[in-house]
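Below: structure.cif (mmCIF, C-alpha atoms)
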```cif
data_data
#
loop_
_atom_site.group_PDB
_atom_site.id
_atom_site.type_symbol
_atom_site.label_atom_id
_atom_site.label_comp_id
_atom_site.auth_asym_id
_atom_site.auth_seq_id
_atom_site.Cartn_x
_atom_site.Cartn_y
_atom_site.Cartn_z
ATOM 1 C CA MET F 29 78.262 68.645 142.505
ATOM 2 C CA GLU F 30 80.682 65.913 141.573
ATOM 3 C CA GLU F 31 84.100 66.678 140.176
ATOM 4 C CA LYS F 32 83.164 64.946 136.914
ATOM 5 C CA GLN F 33 80.117 67.199 136.498
ATOM 6 C CA LYS F 34 82.166 70.318 137.269
ATOM 7 C CA GLN F 35 84.730 69.275 134.679
ATOM 8 C CA LYS F 36 82.016 68.680 132.074
ATOM 9 C CA LEU F 37 80.434 72.081 132.787
ATOM 10 C CA LYS F 38 83.841 73.717 132.445
ATOM 11 C CA GLU F 39 84.343 71.912 129.131
ATOM 12 C CA TYR F 40 80.962 73.118 127.840
ATOM 13 C CA SER F 41 81.725 76.670 128.992
ATOM 14 C CA GLU F 42 85.022 76.631 127.108
ATOM 15 C CA LYS F 43 83.301 75.295 123.977
ATOM 16 C CA TYR F 44 80.631 77.982 124.251
ATOM 17 C CA LYS F 45 83.268 80.701 124.587
ATOM 18 C CA PHE F 46 85.201 79.285 121.609
ATOM 19 C CA TRP F 47 82.139 79.168 119.342
ATOM 20 C CA THR F 48 80.951 82.599 120.460
ATOM 21 C CA GLU F 49 84.318 84.051 119.420
ATOM 22 C CA LYS F 50 84.146 82.215 116.088
ATOM 23 C CA THR F 51 80.607 83.486 115.477
ATOM 24 C CA LEU F 52 81.603 87.092 116.146
ATOM 25 C CA MET F 53 84.639 86.794 113.870
ATOM 26 C CA GLN F 54 82.633 85.262 111.033
ATOM 27 C CA PHE F 55 79.839 87.788 111.500
ATOM 28 C CA GLY F 56 82.312 90.656 111.133
ATOM 29 C CA TYR F 57 83.929 88.989 108.148
ATOM 30 C CA SER F 58 80.549 88.474 106.475
ATOM 31 C CA ILE F 59 79.454 92.078 107.011
ATOM 32 C CA ASN F 60 82.752 93.374 105.629
ATOM 33 C CA LEU F 61 82.670 90.988 102.670
ATOM 34 C CA PHE F 62 79.154 91.939 101.568
ATOM 35 C CA THR F 63 79.820 95.644 102.124
ATOM 36 C CA THR F 64 83.038 95.526 100.091
ATOM 37 C CA ILE F 65 81.466 93.520 97.277
ATOM 38 C CA GLY F 66 78.436 95.831 97.341
ATOM 39 C CA ILE F 67 80.616 98.937 97.008
ATOM 40 C CA THR F 68 82.573 97.300 94.196
ATOM 41 C CA PHE F 69 79.426 96.218 92.377
ATOM 42 C CA LEU F 70 77.851 99.660 92.826
ATOM 43 C CA THR F 71 80.971 101.280 91.361
ATOM 44 C CA TYR F 72 80.824 98.861 88.446
ATOM 45 C CA LEU F 73 77.131 99.591 87.836
ATOM 46 C CA ILE F 74 77.706 103.337 87.861
ATOM 47 C CA SER F 75 80.646 103.018 85.467
ATOM 48 C CA ILE F 76 78.558 101.094 82.873
ATOM 49 C CA LYS F 77 75.252 102.930 83.274
ATOM 50 C CA SER F 78 75.160 104.437 79.761
ATOM 51 C CA LYS F 79 75.553 100.996 78.200
ATOM 52 C CA HIS F 80 72.133 99.814 79.449
ATOM 53 C CA TYR F 81 70.065 102.876 78.661
ATOM 54 C CA HIS F 82 69.871 102.005 74.972
ATOM 55 C CA TYR F 83 67.831 98.820 75.303
ATOM 56 C CA GLY F 84 64.754 99.946 77.218
ATOM 57 C CA LEU F 85 65.962 98.236 80.407
ATOM 58 C CA GLU F 86 66.438 101.394 82.437
ATOM 59 C CA ASP F 87 64.034 100.293 85.175
ATOM 60 C CA CYS F 88 65.789 96.990 85.904
ATOM 61 C CA PHE F 89 69.181 98.667 85.833
ATOM 62 C CA ILE F 90 68.026 101.501 88.113
ATOM 63 C CA PHE F 91 66.517 98.963 90.530
ATOM 64 C CA SER F 92 69.822 97.122 90.523
ATOM 65 C CA VAL F 93 71.671 100.322 91.471
ATOM 66 C CA ILE F 94 69.096 101.220 94.153
ATOM 67 C CA PHE F 95 69.116 97.795 95.812
ATOM 68 C CA THR F 96 72.909 97.602 95.711
ATOM 69 C CA PHE F 97 73.135 101.050 97.294
ATOM 70 C CA LEU F 98 70.671 99.986 100.013
ATOM 71 C CA SER F 99 72.747 96.856 100.599
ATOM 72 C CA VAL F 100 75.842 98.978 101.194
ATOM 73 C CA ALA F 101 73.877 101.345 103.460
ATOM 74 C CA TYR F 102 72.576 98.472 105.595
ATOM 75 C CA GLY F 103 76.083 97.033 105.752
ATOM 76 C CA LEU F 104 77.332 100.314 107.164
ATOM 77 C CA ILE F 105 74.456 100.411 109.677
ATOM 78 C CA SER F 106 75.396 96.905 110.749
ATOM 79 C CA VAL F 107 79.064 97.826 111.208
ATOM 80 C CA ILE F 108 78.248 100.977 113.186
ATOM 81 C CA SER F 109 75.714 99.282 115.454
ATOM 82 C CA ARG F 110 78.163 96.442 116.050
ATOM 83 C CA LEU F 111 80.937 98.846 117.049
ATOM 84 C CA TYR F 112 78.690 100.689 119.485
ATOM 85 C CA ASP F 113 77.419 97.374 120.859
ATOM 86 C CA PHE F 114 81.022 96.357 121.604
ATOM 87 C CA ARG F 115 81.641 99.711 123.243
ATOM 88 C CA LEU F 116 78.606 99.292 125.505
ATOM 89 C CA THR F 117 79.473 95.661 126.271
ATOM 90 C CA ARG F 118 82.961 96.727 127.334
ATOM 91 C CA ASN F 119 81.450 99.254 129.777
ATOM 92 C CA ILE F 120 78.925 96.671 131.037
ATOM 93 C CA THR F 121 81.746 94.209 131.743
ATOM 94 C CA LEU F 122 83.805 96.832 133.570
ATOM 95 C CA SER F 123 80.730 97.917 135.544
ATOM 96 C CA ARG F 124 80.044 94.322 136.595
ATOM 97 C CA LYS F 125 83.592 94.088 137.906
ATOM 98 C CA ARG F 126 83.252 97.354 139.838
ATOM 99 C CA TYR F 127 79.879 96.327 141.258
ATOM 100 C CA TYR F 128 81.202 92.949 142.336
ATOM 101 C CA ARG F 129 84.194 94.591 144.007
ATOM 102 C CA GLU F 130 81.877 96.979 145.904
ATOM 103 C CA TYR F 131 78.996 94.619 146.833
ATOM 104 C CA GLN F 132 80.441 91.077 146.416
ATOM 105 C CA ALA F 133 77.468 90.229 144.202
ATOM 106 C CA ASN F 134 76.409 90.588 140.593
ATOM 107 C CA PRO F 135 74.161 93.498 139.621
ATOM 108 C CA ASN F 136 70.501 92.728 139.172
ATOM 109 C CA SER F 137 70.491 91.991 135.476
ATOM 110 C CA GLU F 138 66.814 91.554 134.747
ATOM 111 C CA MET F 139 66.241 93.154 131.407
ATOM 112 C CA LEU F 140 63.961 96.149 131.197
ATOM 113 C CA ASP F 141 60.793 95.918 129.148
ATOM 114 C CA ARG F 142 61.983 96.382 125.582
ATOM 115 C CA SER F 143 58.592 96.848 123.967
ATOM 116 C CA ASP F 144 58.748 100.654 123.830
ATOM 117 C CA LYS F 145 62.378 101.035 122.849
ATOM 118 C CA PHE F 146 62.436 98.077 120.482
ATOM 119 C CA ARG F 147 59.738 99.316 118.113
ATOM 120 C CA CYS F 148 62.125 101.132 115.831
ATOM 121 C CA VAL F 149 65.509 99.459 116.108
ATOM 122 C CA PHE F 150 67.244 101.587 113.514
ATOM 123 C CA LEU F 151 66.163 104.830 115.178
ATOM 124 C CA GLN F 152 67.645 103.471 118.414
ATOM 125 C CA VAL F 153 70.939 102.929 116.599
ATOM 126 C CA PHE F 154 70.988 106.511 115.355
ATOM 127 C CA LYS F 155 70.091 107.726 118.845
ATOM 128 C CA THR F 156 72.991 105.768 120.296
ATOM 129 C CA VAL F 157 75.426 106.986 117.657
ATOM 130 C CA PHE F 158 74.518 110.675 117.802
ATOM 131 C CA GLN F 159 73.714 111.130 121.490
ATOM 132 C CA LYS F 160 76.091 110.888 124.393
ATOM 133 C CA THR F 161 75.951 107.415 125.923
ATOM 134 C CA ASN F 162 75.171 107.372 129.611
ATOM 135 C CA PHE F 163 78.010 105.095 130.719
ATOM 136 C CA ILE F 164 78.422 104.025 134.323
ATOM 137 C CA GLU F 165 81.290 105.969 135.833
ATOM 138 C CA LYS F 166 83.533 104.707 138.632
ATOM 139 C CA HIS F 167 82.159 107.136 141.211
ATOM 140 C CA GLU F 168 78.584 105.889 140.604
ATOM 141 C CA GLU F 169 79.169 102.453 142.088
ATOM 142 C CA ASN F 170 78.337 103.827 145.542
ATOM 143 C CA ASN F 171 74.693 104.503 144.612
ATOM 144 C CA LYS F 172 73.341 100.983 144.197
ATOM 145 C CA GLU F 173 69.880 101.843 142.823
ATOM 146 C CA ASN F 174 71.169 104.343 140.277
ATOM 147 C CA PHE F 175 73.922 101.927 139.289
ATOM 148 C CA GLU F 176 71.483 99.054 138.686
ATOM 149 C CA GLN F 177 69.115 101.260 136.683
ATOM 150 C CA LYS F 178 71.913 102.521 134.450
ATOM 151 C CA PHE F 179 73.227 98.962 134.168
ATOM 152 C CA LYS F 180 69.847 97.721 132.928
ATOM 153 C CA ASN F 181 69.619 100.597 130.460
ATOM 154 C CA LEU F 182 73.062 99.814 129.078
ATOM 155 C CA GLN F 183 72.160 96.136 128.758
ATOM 156 C CA LEU F 184 69.000 97.060 126.891
ATOM 157 C CA GLU F 185 70.850 99.384 124.522
ATOM 158 C CA SER F 186 73.476 96.727 123.900
ATOM 159 C CA LYS F 187 70.812 94.121 123.169
ATOM 160 C CA ILE F 188 69.047 96.465 120.748
ATOM 161 C CA LEU F 189 72.307 97.270 118.957
ATOM 162 C CA GLY F 190 73.253 93.590 118.735
ATOM 163 C CA ASP F 191 69.855 92.698 117.302
ATOM 164 C CA CYS F 192 70.125 95.614 114.894
ATOM 165 C CA SER F 193 73.505 94.386 113.638
ATOM 166 C CA TRP F 194 72.073 90.982 112.800
ATOM 167 C CA LYS F 195 68.875 92.353 111.240
ATOM 168 C CA ALA F 196 70.738 94.934 109.171
ATOM 169 C CA HIS F 197 73.134 92.271 107.909
ATOM 170 C CA LYS F 198 70.280 89.996 106.857
ATOM 171 C CA ILE F 199 68.621 92.904 105.028
ATOM 172 C CA GLN F 200 71.993 93.768 103.486
ATOM 173 C CA ILE F 201 72.305 90.278 102.005
ATOM 174 C CA VAL F 202 68.734 90.267 100.669
ATOM 175 C CA PHE F 203 69.134 93.694 99.037
ATOM 176 C CA PHE F 204 72.457 92.650 97.513
ATOM 177 C CA LEU F 205 70.920 89.509 96.010
ATOM 178 C CA VAL F 206 67.928 91.483 94.677
ATOM 179 C CA GLY F 207 70.352 93.997 93.121
ATOM 180 C CA ILE F 208 72.240 91.142 91.451
ATOM 181 C CA LEU F 209 68.938 89.683 90.237
ATOM 182 C CA PHE F 210 67.881 92.965 88.611
ATOM 183 C CA TYR F 211 71.296 93.279 86.991
ATOM 184 C CA ALA F 212 71.024 89.716 85.680
ATOM 185 C CA ILE F 213 67.623 90.575 84.163
ATOM 186 C CA THR F 214 69.214 93.599 82.525
ATOM 187 C CA ILE F 215 72.071 91.525 81.075
ATOM 188 C CA PHE F 216 69.976 88.583 79.893
ATOM 189 C CA ASN F 217 67.430 90.812 78.169
ATOM 190 C CA ASN F 218 70.083 92.514 76.061
#
```

Now that the file is in, can you turn its structure into structure tokens?
Amino acid sequence: MEEKQKQKLKEYSEKYKFWTEKTLMQFGYSINLFTTIGITFLTYLISIKSKHYHYGLEDCFIFSVIFTFLSVAYGLISVISRLYDFRLTRNITLSRKRYYREYQANPNSEMLDRSDKFRCVFLQVFKTVFQKTNFIEKHEENNKENFEQKFKNLQLESKILGDCSWKAHKIQIVFFLVGILFYAITIFNN
């Protein structure tokens, strides 16, 4: 490969790294923003609840509270799954380093079949949060087959948690907007 091509590939790699960092920062900011606004709006709705029960608009107001609450709940799911994804990714990165030091090669990183585990993403998140994670320990690098199997499992869990973070955030935004819509109906029908 020519020096010019190597330089261009390096440039693209640096740009990719830069934009990946920006995406992760903005993603975190967006989750936190919608969760904070959702909590604030939910508090506001609860504080004015008696005001809207006099006009026969209880259903729209109640739907507004429910959807805002669900928005906050999905925001929290997104934050938790993101944190655990980072925790797994940190262990995956350290395990790659250990494997490379031991075998002078990268671990086989073919992803496992996700079809079974991916059916219920949110249950996988709760499983990850409430069960002990099977991290790769330093002493396990000597058993290559076991190491690679655990490595694949960690990659799969990390992928599921990452996907869950994005899905939960999208649902969070939709529920928040629906909650706002129901509140607007309540206000404009007064």

(message) If the PyMOL selection byres ((chain F and resi 204) around 9) were run on this exact file, what residues would it hold? Put them as a list of chain:residue names.
(response)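 This file, filtered by the PyMOL selection byres ((chain F and resi 204) around 9), leaves F:Phe62, F:Gly66, F:Ser92, F:Phe95, F:Thr96, F:Phe97, F:Leu98, F:Ser99, F:Val100, F:Ile199, F:Gln200, F:Ile201, F:Val202, F:Phe203, F:Leu205, F:Val206, F:Gly207, F:Ile208, F:Leu209.
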
Distance query Glu168 in chain F at most 12 Å, all atoms listed in the file, self and fewer than 4 positions along chain excluded, as a tab-separated table (two decimals) with C-alpha atoms, in the coordinates of the input:
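Heads up, here's the output in out12.tsv:
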```tsv
chain	number	residue	atom	x	y	z
F	123	SER	CA	80.73	97.92	135.54
F	126	ARG	CA	83.25	97.35	139.84
F	127	TYR	CA	79.88	96.33	141.26
F	130	GLU	CA	81.88	96.98	145.90
F	162	ASN	CA	75.17	107.37	129.61
F	163	PHE	CA	78.01	105.10	130.72
F	164	ILE	CA	78.42	104.02	134.32
F	172	LYS	CA	73.34	100.98	144.20
F	173	GLU	CA	69.88	101.84	142.82
F	174	ASN	CA	71.17	104.34	140.28
F	175	PHE	CA	73.92	101.93	139.29
F	176	GLU	CA	71.48	99.05	138.69
F	177	GLN	CA	69.11	101.26	136.68
F	178	LYS	CA	71.91	102.52	134.45
F	179	PHE	CA	73.23	98.96	134.17
```

(request) Can you work out which one of F:Arg115, F:Lys34, F:Lys43, F:Lys180 has the shortest atom-to-atom distance to Thr156 in chain F, counting only C-alpha atoms? (result) F:Arg115

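Proximity ranking of F:Tyr44, F:Phe91, F:Tyr128, F:Tyr72 relative to Phe210 in chain F places F:Phe91 first, based on only C-alpha atoms.
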
Can you sort out the box for range 89-106 of chain F, edges along x, y and z, all listed atoms in, 6 Å on every side, with centre and edge lengths in Å to one decimal, as JSON?
```
{"center_x": 71.9, "center_y": 99.2, "center_z": 98.3, "size_x": 22.8, "size_y": 16.6, "size_z": 36.9}
```

(message) Take the PyMOL selection byres ((chain F and resi 190) around 9), run it mentally on this structure, and tell me the resulting residues as JSON, numbers by chain.
(response) {"F": [106, 109, 110, 112, 113, 114, 185, 186, 187, 188, 189, 191, 192, 193, 194, 195]}

(request) Go ahead and compute the interatomic distance for CA of Thr48 in chain F and CA of Val107 in chain F, in Å to one decimal. (result)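 It comes out at 17.9 Å.
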
(request) Using only C-alpha atoms, find the one residue out of F:His197, F:Asn136, F:Ile105, F:Cys88 that sits nearest to Tyr57 in chain F. (result)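 With only C-alpha atoms as the atom set, the closest residue is F:His197.
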
(request) Mind giving me the straight-line distance from CA of Tyr131 in chain F to CA of Asn170 in chain F in Å, one decimal? (result)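 These two atoms are separated by 9.3 Å.
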